[in-house]
file entry29.txt (compact mmCIF, C-alpha atoms and all ligand atoms)
# COMPACT_ATOMS: atom_id res chain seq x y z
CA MET A 32 160.29 118.61 179.26
CA LEU A 33 159.44 115.81 181.66
CA GLY A 34 155.76 115.96 180.61
CA LYS A 35 156.73 114.07 177.43
CA PHE A 36 157.35 110.99 179.56
CA ASN A 37 153.72 110.85 180.67
CA ILE A 38 154.56 110.96 184.35
CA GLU A 39 152.44 111.89 187.37
CA PRO A 40 151.94 115.67 187.68
CA LEU A 41 153.23 115.64 191.27
CA THR A 42 156.41 113.78 190.22
CA GLU A 43 156.94 116.25 187.40
CA GLN A 44 156.45 119.20 189.73
CA ILE A 45 158.94 117.87 192.32
CA LEU A 46 161.56 117.00 189.70
CA GLU A 47 161.29 120.42 188.02
CA LEU A 48 161.83 122.08 191.42
CA ALA A 49 164.67 119.69 192.25
CA CYS A 50 166.71 121.10 189.37
CA LYS A 51 166.80 124.45 191.19
CA ASP A 52 166.67 123.68 194.92
CA PRO A 53 167.26 120.79 197.33
CA ILE A 54 164.06 118.79 197.82
CA SER A 55 162.15 118.50 201.12
CA PRO A 56 162.21 115.28 203.17
CA GLU A 57 158.52 114.71 202.27
CA ASP A 58 159.21 114.99 198.54
CA ALA A 59 162.28 112.77 198.92
CA LEU A 60 160.18 110.04 200.54
CA TYR A 61 157.57 110.36 197.78
CA LEU A 62 160.28 109.91 195.13
CA LEU A 63 161.66 106.79 196.81
CA ASN A 64 158.34 105.12 196.05
CA VAL A 65 157.82 106.09 192.39
CA THR A 66 157.66 103.42 189.68
CA GLY A 67 157.48 103.13 185.88
CA ASN A 68 158.09 106.31 183.88
CA ASP A 69 158.27 108.34 187.09
CA TYR A 70 161.20 106.16 188.19
CA HIS A 71 163.04 106.74 184.91
CA ALA A 72 162.38 110.48 185.16
CA LEU A 73 163.82 110.48 188.71
CA LEU A 74 167.04 108.77 187.57
CA MET A 75 167.41 111.09 184.58
CA THR A 76 166.85 114.17 186.73
CA ALA A 77 169.52 113.04 189.20
CA ASP A 78 171.96 112.47 186.34
CA PHE A 79 171.12 115.90 184.86
CA LEU A 80 171.66 117.55 188.25
CA ARG A 81 174.96 115.72 188.76
CA GLN A 82 176.13 117.10 185.44
CA GLU A 83 175.01 120.62 186.39
CA LEU A 84 176.65 120.53 189.82
CA VAL A 85 179.90 118.65 189.26
CA GLY A 86 180.28 118.19 185.52
CA ASN A 87 181.52 115.09 183.75
CA ASN A 88 184.57 114.19 185.81
CA VAL A 89 184.37 110.89 187.64
CA THR A 90 186.98 111.02 190.34
CA PHE A 91 188.90 108.31 192.17
CA ILE A 92 191.76 108.18 194.66
CA LYS A 93 194.77 105.93 195.03
CA ASN A 94 194.39 104.78 198.61
CA TRP A 95 195.24 101.96 200.97
CA ASN A 96 193.37 100.65 203.99
CA ILE A 97 195.14 99.44 207.10
CA ASN A 98 192.77 97.69 209.51
CA PHE A 99 195.20 97.31 212.40
CA THR A 100 193.16 94.95 214.58
CA ASN A 101 190.03 92.83 214.35
CA ILE A 102 189.84 92.45 218.13
CA CYS A 103 186.80 94.41 219.22
CA THR A 104 184.73 94.75 222.37
CA GLY A 105 181.76 95.87 220.27
CA ASN A 106 178.92 93.61 219.21
CA CYS A 107 177.41 95.21 216.10
CA GLY A 108 174.90 92.79 214.63
CA PHE A 109 176.00 93.42 211.03
CA CYS A 110 179.73 92.94 211.62
CA ALA A 111 181.60 89.89 210.40
CA PHE A 112 184.99 91.53 210.92
CA ARG A 113 185.28 91.66 214.72
CA THR A 114 186.57 88.85 216.86
CA ASP A 115 187.55 88.15 220.47
CA ALA A 116 191.17 88.31 221.57
CA ASN A 117 191.35 84.54 222.15
CA ASN A 118 190.07 83.63 218.68
CA SER A 119 192.63 81.97 216.41
CA GLN A 120 191.85 84.56 213.68
CA ALA A 121 192.54 87.52 215.99
CA TYR A 122 195.34 89.91 215.06
CA PHE A 123 196.72 93.19 216.36
CA LEU A 124 199.35 95.01 214.31
CA LYS A 125 201.97 96.83 216.33
CA VAL A 126 203.00 100.33 215.27
CA PRO A 127 206.14 99.19 213.32
CA ASP A 128 203.95 96.79 211.30
CA ILE A 129 201.54 99.61 210.51
CA ILE A 130 204.44 101.80 209.37
CA GLN A 131 205.77 99.03 207.15
CA ARG A 132 202.37 98.72 205.43
CA ALA A 133 202.03 102.50 205.10
CA GLN A 134 205.48 102.67 203.47
CA LYS A 135 204.49 99.91 201.05
CA ALA A 136 201.31 101.85 200.22
CA ALA A 137 203.17 105.10 199.58
CA LYS A 138 205.70 103.26 197.41
CA SER A 139 202.85 101.86 195.32
CA GLY A 140 201.54 105.41 194.68
CA ALA A 141 198.82 105.72 197.33
CA THR A 142 198.16 109.33 198.37
CA GLU A 143 195.79 108.40 201.22
CA ILE A 144 196.24 105.90 204.03
CA CYS A 145 192.98 104.96 205.72
CA ILE A 146 193.55 103.51 209.20
CA GLN A 147 190.73 101.92 211.18
CA GLY A 148 190.40 99.00 213.57
CA GLY A 149 188.23 97.26 216.13
CA LEU A 150 187.70 98.64 219.64
CA HIS A 151 190.63 96.88 221.24
CA PRO A 152 190.24 96.85 225.03
CA ASP A 153 193.87 97.87 225.67
CA ILE A 154 194.16 100.94 223.46
CA ASP A 155 193.50 104.57 224.26
CA VAL A 156 194.07 107.90 222.57
CA TYR A 157 197.83 107.66 223.07
CA PHE A 158 198.02 104.50 220.96
CA TYR A 159 196.17 106.25 218.13
CA GLU A 160 198.43 109.27 218.63
CA SER A 161 201.54 107.11 218.31
CA ILE A 162 200.32 105.63 215.01
CA LEU A 163 199.72 109.10 213.57
CA LYS A 164 203.05 110.52 214.72
CA GLU A 165 205.00 107.56 213.41
CA VAL A 166 203.26 107.54 210.01
CA LYS A 167 203.77 111.30 209.62
CA ASP A 168 207.41 110.91 210.64
CA LYS A 169 208.30 107.89 208.51
CA VAL A 170 206.01 108.04 205.46
CA GLU A 171 206.35 111.15 203.37
CA GLY A 172 203.53 112.97 201.64
CA VAL A 173 200.54 110.80 202.50
CA HIS A 174 197.22 112.06 203.79
CA ILE A 175 196.09 110.20 206.93
CA HIS A 176 192.37 109.46 206.88
CA ALA A 177 191.76 107.62 210.11
CA PHE A 178 189.55 106.48 212.98
CA SER A 179 185.80 106.26 212.86
CA PRO A 180 183.61 108.34 215.21
CA MET A 181 183.20 105.14 217.28
CA GLU A 182 186.98 104.79 217.65
CA ILE A 183 187.20 108.45 218.68
CA TYR A 184 184.44 107.86 221.23
CA HIS A 185 186.22 104.70 222.48
CA ALA A 186 189.55 106.53 222.76
CA SER A 187 188.03 109.44 224.66
CA HIS A 188 186.38 107.13 227.20
CA LYS A 189 189.48 104.99 227.68
CA SER A 190 191.57 108.12 228.22
CA TYR A 191 189.06 110.06 230.38
CA LEU A 192 189.08 112.95 227.91
CA SER A 193 186.34 114.88 226.16
CA ILE A 194 185.71 114.35 222.46
CA GLU A 195 187.21 117.75 221.76
CA GLU A 196 190.37 117.03 223.79
CA THR A 197 190.74 113.66 222.05
CA LEU A 198 190.39 115.14 218.58
CA LYS A 199 192.81 117.98 219.36
CA ILE A 200 195.49 115.47 220.41
CA LEU A 201 194.95 113.44 217.23
CA LYS A 202 194.90 116.45 214.93
CA GLU A 203 198.11 117.69 216.47
CA ALA A 204 199.65 114.24 215.89
CA GLY A 205 198.77 114.27 212.18
CA LEU A 206 195.13 113.29 211.70
CA ASP A 207 194.19 114.92 208.37
CA SER A 208 190.62 113.69 207.97
CA MET A 209 188.26 111.01 209.28
CA PRO A 210 185.92 108.43 207.80
CA GLY A 211 182.30 109.21 208.68
CA THR A 212 181.64 105.56 209.36
CA ALA A 213 179.77 104.14 212.39
CA ALA A 214 176.80 106.18 211.17
CA GLU A 215 174.90 103.08 209.99
CA ILE A 216 171.36 104.51 210.20
CA LEU A 217 171.09 107.64 212.35
CA ASN A 218 167.96 106.62 214.20
CA ASP A 219 168.24 105.30 217.76
CA GLU A 220 165.45 102.72 217.46
CA VAL A 221 167.32 101.11 214.57
CA ARG A 222 170.69 101.49 216.32
CA ASN A 223 169.38 99.85 219.49
CA ILE A 224 168.74 96.72 217.43
CA ILE A 225 171.71 96.60 215.04
CA CYS A 226 174.45 98.15 217.21
CA PRO A 227 173.17 98.64 220.78
CA GLU A 228 176.60 99.38 222.27
CA LYS A 229 177.68 101.82 219.62
CA LEU A 230 177.52 105.58 220.08
CA ASN A 231 173.97 106.89 219.57
CA THR A 232 172.82 109.41 216.98
CA GLN A 233 173.51 112.43 219.16
CA GLU A 234 176.96 111.12 220.11
CA TRP A 235 177.80 110.46 216.45
CA ARG A 236 176.76 114.01 215.64
CA GLU A 237 178.89 115.34 218.49
CA VAL A 238 182.03 113.61 217.24
CA ILE A 239 181.44 114.69 213.63
CA GLU A 240 180.51 118.28 214.42
CA THR A 241 183.43 118.67 216.81
CA ALA A 242 185.77 117.32 214.13
CA HIS A 243 184.38 119.79 211.61
CA GLN A 244 184.78 122.66 214.10
CA LEU A 245 188.42 121.67 214.53
CA LYS A 246 188.83 121.68 210.73
CA ILE A 247 189.06 117.91 210.47
CA PRO A 248 186.94 117.05 207.42
CA THR A 249 185.03 113.76 207.35
CA THR A 250 183.12 111.66 204.89
CA ALA A 251 179.43 110.88 205.46
CA THR A 252 178.14 107.31 205.17
CA MET A 253 174.91 105.36 205.48
CA MET A 254 174.63 101.58 205.78
CA TYR A 255 171.23 100.56 204.43
CA GLY A 256 169.23 97.50 203.46
CA HIS A 257 168.96 95.63 206.80
CA ILE A 258 166.09 96.34 209.23
CA GLU A 259 165.36 99.97 208.48
CA ASN A 260 162.66 101.48 206.27
CA LYS A 261 162.79 104.22 203.65
CA GLY A 262 161.66 106.83 206.15
CA HIS A 263 164.88 106.14 208.04
CA TRP A 264 166.91 106.79 204.86
CA ILE A 265 165.34 110.21 204.57
CA GLU A 266 165.78 110.95 208.29
CA HIS A 267 169.45 110.01 207.91
CA LEU A 268 169.98 112.18 204.81
CA GLU A 269 168.23 115.10 206.50
CA ILE A 270 170.62 114.84 209.48
CA LEU A 271 173.62 114.81 207.13
CA ARG A 272 172.25 117.76 205.20
CA SER A 273 171.59 119.80 208.35
CA ILE A 274 175.14 119.17 209.62
CA GLN A 275 176.61 120.09 206.25
CA LYS A 276 174.62 123.32 206.05
CA ARG A 277 176.21 124.45 209.30
CA THR A 278 179.74 123.05 209.08
CA GLY A 279 180.53 122.31 205.42
CA GLY A 280 182.86 119.62 206.79
CA PHE A 281 181.71 116.58 204.80
CA THR A 282 183.76 115.79 201.71
CA GLU A 283 181.38 113.23 200.22
CA PHE A 284 178.40 110.97 200.85
CA VAL A 285 179.03 107.23 200.58
CA PRO A 286 175.98 104.93 200.59
CA LEU A 287 177.07 101.51 201.86
CA THR A 288 174.75 98.70 200.89
CA PHE A 289 174.35 96.06 203.63
CA MET A 290 176.50 92.95 203.10
CA HIS A 291 174.20 90.32 204.56
CA HIS A 292 175.82 86.92 203.96
CA LYS A 293 177.90 86.71 207.12
CA ALA A 294 176.09 89.32 209.23
CA PRO A 295 174.78 87.93 212.54
CA ILE A 296 171.50 89.88 212.28
CA TYR A 297 170.81 88.25 208.90
CA GLN A 298 171.83 84.80 210.06
CA GLN A 299 169.45 85.20 213.03
CA GLY A 300 166.61 86.06 210.65
CA MET A 301 166.31 89.66 211.83
CA ALA A 302 167.46 91.50 208.72
CA LEU A 303 166.72 91.71 205.01
CA PRO A 304 169.28 90.34 202.52
CA GLY A 305 170.26 93.85 201.47
CA THR A 306 168.52 96.05 198.92
CA THR A 307 167.64 95.39 195.30
CA GLY A 308 169.33 97.24 192.44
CA THR A 309 166.25 99.39 191.86
CA GLN A 310 166.29 100.53 195.47
CA ASP A 311 170.00 101.34 195.25
CA LEU A 312 169.46 103.48 192.15
CA LYS A 313 166.57 105.35 193.75
CA LEU A 314 168.68 106.03 196.83
CA TYR A 315 171.54 107.45 194.76
CA ALA A 316 169.12 109.62 192.79
CA VAL A 317 167.23 110.91 195.83
CA ALA A 318 170.47 111.58 197.72
CA ARG A 319 171.65 113.71 194.78
CA LEU A 320 168.38 115.68 194.82
CA MET A 321 168.41 116.14 198.61
CA LEU A 322 172.08 116.96 199.14
CA HIS A 323 172.20 119.14 196.01
CA HIS A 324 174.84 121.86 196.20
CA TYR A 325 175.45 121.34 199.94
CA LEU A 326 177.34 118.09 199.40
CA LYS A 327 178.39 117.66 195.81
CA ASN A 328 180.32 114.42 195.88
CA ILE A 329 178.48 111.10 195.98
CA GLN A 330 180.62 107.98 195.94
CA VAL A 331 179.92 104.46 194.72
CA SER A 332 181.42 101.68 196.82
CA TRP A 333 182.58 99.41 193.99
CA VAL A 334 183.82 96.82 196.45
CA LYS A 335 180.24 96.29 197.64
CA LEU A 336 178.30 97.01 194.43
CA GLY A 337 180.65 95.54 191.84
CA LEU A 338 182.10 97.51 188.94
CA LYS A 339 179.21 96.89 186.54
CA PHE A 340 176.52 98.08 188.93
CA SER A 341 178.74 100.98 190.01
CA GLN A 342 178.47 102.21 186.41
CA ALA A 343 174.67 102.30 186.77
CA CYS A 344 174.95 104.34 189.98
CA LEU A 345 177.30 106.77 188.21
CA MET A 346 174.44 107.40 185.76
CA THR A 347 171.94 108.17 188.54
CA GLY A 348 173.65 110.83 190.60
CA ALA A 349 177.08 109.58 191.69
CA ASN A 350 180.34 111.20 190.58
CA ASP A 351 183.11 109.40 192.47
CA MET A 352 184.47 105.84 192.21
CA GLY A 353 186.17 105.84 195.62
CA GLY A 354 189.58 104.32 196.00
CA THR A 355 191.84 101.67 194.57
CA LEU A 356 191.88 100.05 198.05
CA GLY A 357 195.32 98.53 198.31
CA GLU A 358 194.13 96.39 201.21
CA GLU A 359 190.57 95.90 202.37
CA ASN A 360 189.35 93.59 205.11
CA ILE A 361 186.01 94.78 206.43
CA SER A 362 183.81 94.33 203.34
CA LYS A 363 185.70 91.15 202.48
CA SER A 364 184.93 89.72 205.95
CA ALA A 365 181.28 90.61 205.43
CA GLY A 366 181.12 88.61 202.21
CA ALA A 367 181.77 91.25 199.52
CA SER A 368 182.92 89.35 196.45
CA TYR A 369 184.27 92.11 194.25
CA GLY A 370 187.90 91.91 195.25
CA GLU A 371 190.04 93.91 197.58
CA ARG A 372 192.18 95.90 195.24
CA ILE A 373 191.85 97.42 191.82
CA GLU A 374 194.27 99.03 189.43
CA ALA A 375 193.56 102.65 188.45
CA ASP A 376 193.50 101.51 184.79
CA GLU A 377 190.46 99.36 185.44
CA LEU A 378 188.58 102.25 187.07
CA ILE A 379 189.56 104.44 184.12
CA ARG A 380 188.14 101.86 181.68
CA ILE A 381 184.83 101.73 183.56
CA ILE A 382 184.59 105.53 183.65
CA ARG A 383 185.51 106.11 180.01
CA ASP A 384 182.93 103.56 178.94
CA LEU A 385 180.30 105.97 180.33
CA ASP A 386 181.71 108.75 178.14
CA ARG A 387 182.79 110.53 181.29
CA VAL A 388 186.20 111.92 182.24
CA PRO A 389 188.34 109.95 184.71
CA ALA A 390 190.16 112.21 187.17
CA GLU A 391 192.48 111.35 190.02
CA ARG A 392 191.80 113.33 193.20
CA ASP A 393 193.15 113.61 196.71
CA THR A 394 191.09 113.01 199.86
CA LEU A 395 189.75 116.57 199.91
CA TYR A 396 188.89 116.57 196.18
CA ARG A 397 191.76 118.91 195.40
CA HIS A 398 194.22 118.29 192.61
CA VAL A 399 191.58 116.74 190.42
CA ASN A 400 193.66 115.74 187.44
CA PRO A 401 191.84 114.57 184.30
CA ILE A 402 193.75 111.65 182.83
S1 LIG A 501 181.46 97.44 213.35
FE1 LIG A 501 183.33 98.14 214.37
S2 LIG A 501 182.68 98.55 216.50
FE2 LIG A 501 181.08 97.24 215.57
S3 LIG A 501 181.69 95.14 216.11
FE3 LIG A 501 182.55 95.58 214.07
S4 LIG A 501 184.63 96.28 214.46
FE4 LIG A 501 183.50 96.43 216.39
call {"tool": "encode", "arguments": {"input": "entry29.txt", "output": "structure tokens"}}
result
Amino acid sequence: MLGKFNIEPLTEQILELACKDPISPEDALYLLNVTGNDYHALLMTADFLRQELVGNNVTFIKNWNINFTNICTGNCGFCAFRTDANNSQAYFLKVPDIIQRAQKAAKSGATEICIQGGLHPDIDVYFYESILKEVKDKVEGVHIHAFSPMEIYHASHKSYLSIEETLKILKEAGLDSMPGTAAEILNDEVRNIICPEKLNTQEWREVIETAHQLKIPTTATMMYGHIENKGHWIEHLEILRSIQKRTGGFTEFVPLTFMHHKAPIYQQGMALPGTTGTQDLKLYAVARLMLHHYLKNIQVSWVKLGLKFSQACLMTGANDMGGTLGEENISKSAGASYGERIEADELIRIIRDLDRVPAERDTLYRHVNPI
């Protein structure tokens, strides 16, 4: 079929195979560099495979972010959210304030509360534990999706506990799932430049794999478009795929395009101003072909991409619109200009315009209800 498009024989061969099996890292890298008709064939194949694997539903979740502090001892070069404790913009929500926001979220219909914050120097695992216990106690029926692998690592060090001990305490207190953030690019040469004090690749894997072993599902993310190259994208996807083959603990893959405007590494001339739209589309398509049936859900981050470009990504491999984001601070701090909150009706309009089926889901992709 693809021969009609007059594409390179090697591209045709890889894309035909991709409809049956996940592609190799070498083939994935080749596809990231195709142009012209080969590029169109790649995008169409990813869309075909998406339809085969997950059908025509485009899911979304009603969720709410609570970023409880922007005070952080970290120094990630891409972060415009963090600040020092003595900065006039610094804030640190106490547990009752967090509960109040969680109650407001639940009242507005949110089924997931996502709680993350900076690495505050005074908090340890018992602070995180108290948040979880209080939310579970005082806010009925919400799923708590909380704490990045870096926060787990921070909590374990501050409390002199292992990663496993830390996660067990948090699960017991009500942690339902975790964001797979802090992954950035899983290559230590890149990490040493963009986030030298953050946990390294092996440490990120340890937190994630331990969470999965303890039956705490996580998302998988990749922040791209700064100093890395395409080989790093493939290395990153291959790490995610290998973890997923063993644990099955990832719920979705979320590519996060680099927000450059306020990022220190961009302002210092060290990083690119993000990717182009063509590169984004190729990444979505190649991720679909690599992750295949191992990890079926690929999410667009509308807050970073905008709703119009999110539609394009939904036609090249993605099947999830993410959340309504009742409150969002991190992308906004980094210069994202697509708002901080969206009504479900607007997501539904975007999805229906693609002739796809909008469906509300929960964090674990259960209760997928076509609307
Ligand atoms: S990305 Fe997270 S850990 Fe890094 S500086 Fe920002 S808030 Fe701190």
call {"tool": "atom_distance", "arguments": {"input": "entry29.txt", "atom1": "CA of Lys125 in chain A", "atom2": "CA of Glu195 in chain A"}}
result
26.2 Å
call {"tool": "residues_near_ligand", "arguments": {"input": "entry29.txt", "ligand": "ligand LIG 501 (chain A)", "cutoff": "7 Å", "atoms": "all atoms listed in the file", "output": "list in words"}}
result
Asn101, Cys103, Thr104, Gly105, Asn106, Cys107, Cys110, Ala111, Phe112, Arg113, Gly148, Gly149, Leu150, Met181, Ala213, Cys226 and Lys229 of chain A
call {"tool": "residues_near_point", "arguments": {"input": "entry29.txt", "point": "(175.3, 103.2, 183.0)", "cutoff": "10 Å", "atoms": "only C-alpha atoms", "output": "PyMOL selection string"}}
result
chain A and resi 339-347+381-382+384-386
call {"tool": "write_last_selection", "arguments": {"input": "entry29.txt", "atoms": "C-alpha atoms", "output": "short mmCIF file (atom, residue, chain, number, x, y, z; two decimals), keeping the file's coordinate frame"}}
result
data_model
loop_
_atom_site.label_atom_id
_atom_site.label_comp_id
_atom_site.auth_asym_id
_atom_site.auth_seq_id
_atom_site.Cartn_x
_atom_site.Cartn_y
_atom_site.Cartn_z
CA LYS A 339 179.21 96.89 186.54
CA PHE A 340 176.52 98.08 188.93
CA SER A 341 178.74 100.98 190.01
CA GLN A 342 178.47 102.21 186.41
CA ALA A 343 174.67 102.30 186.77
CA CYS A 344 174.95 104.34 189.98
CA LEU A 345 177.30 106.77 188.21
CA MET A 346 174.44 107.40 185.76
CA THR A 347 171.94 108.17 188.54
CA ILE A 381 184.83 101.73 183.56
CA ILE A 382 184.59 105.53 183.65
CA ASP A 384 182.93 103.56 178.94
CA LEU A 385 180.30 105.97 180.33
CA ASP A 386 181.71 108.75 178.14
#
call {"tool": "closest_residue", "arguments": {"input": "entry29.txt", "among": "A:Ala59, A:Leu192, A:Ala141, A:His151", "to": "Asp115 in chain A", "atoms": "only C-alpha atoms"}}
result
A:His151
call {"tool": "axis_aligned_box", "arguments": {"input": "entry29.txt", "around": "range 257-273 of chain A", "padding_each_side": "8 Å", "output": "JSON"}}
result
{"center_x": 167.6, "center_y": 107.7, "center_z": 206.6, "size_x": 28.0, "size_y": 40.2, "size_z": 21.8}
call {"tool": "closest_residue", "arguments": {"input": "entry29.txt", "among": "A:Lys327, A:His176, A:Arg380, A:His398", "to": "Gly86 in chain A", "atoms": "all atoms listed in the file"}}
result
A:Lys327
call {"tool": "residues_around", "arguments": {"input": "entry29.txt", "residues": "Glu234 in chain A", "least_positions_apart": "5", "cutoff": "12 Å", "atoms": "only C-alpha atoms", "output": "PyMOL selection string"}}
result
chain A and resi 180-181+183-185+193-194+213-214+217-219+228-229+239-241
call {"tool": "residues_near_point", "arguments": {"input": "entry29.txt", "point": "(174.2, 115.0, 186.2)", "cutoff": "9 Å", "atoms": "all atoms listed in the file", "output": "ChimeraX atom specification"}}
result
/A:75-87,346-350
call {"tool": "atom_distance", "arguments": {"input": "entry29.txt", "atom1": "CA of Gly256 in chain A", "atom2": "CA of Ala318 in chain A"}}
result
15.3 Å
call {"tool": "closest_residue", "arguments": {"input": "entry29.txt", "among": "A:Gln120, A:Asn260, A:Thr232, A:Thr90", "to": "Ile402 in chain A", "atoms": "only C-alpha atoms"}}
result
A:Thr90
call {"tool": "residues_around", "arguments": {"input": "entry29.txt", "residues": "Glu215 in chain A", "least_positions_apart": "4", "cutoff": "12 Å", "atoms": "all atoms listed in the file", "output": "JSON, numbers by chain"}}
result
{"A": [107, 108, 109, 110, 179, 180, 181, 211, 219, 221, 222, 223, 224, 225, 226, 227, 229, 230, 231, 232, 235, 251, 252, 253, 254, 255, 256, 257, 258, 259, 263, 264, 267, 268, 285, 286, 287, 288, 289]}
call {"tool": "closest_residue", "arguments": {"input": "entry29.txt", "among": "A:Asn94, A:Thr250, A:Ser119, A:Thr197", "to": "Glu374 in chain A", "atoms": "all atoms listed in the file"}}
result
A:Asn94
call {"tool": "atom_distance", "arguments": {"input": "entry29.txt", "atom1": "CA of Glu377 in chain A", "atom2": "CA of Thr142 in chain A"}}
result
18.1 Å
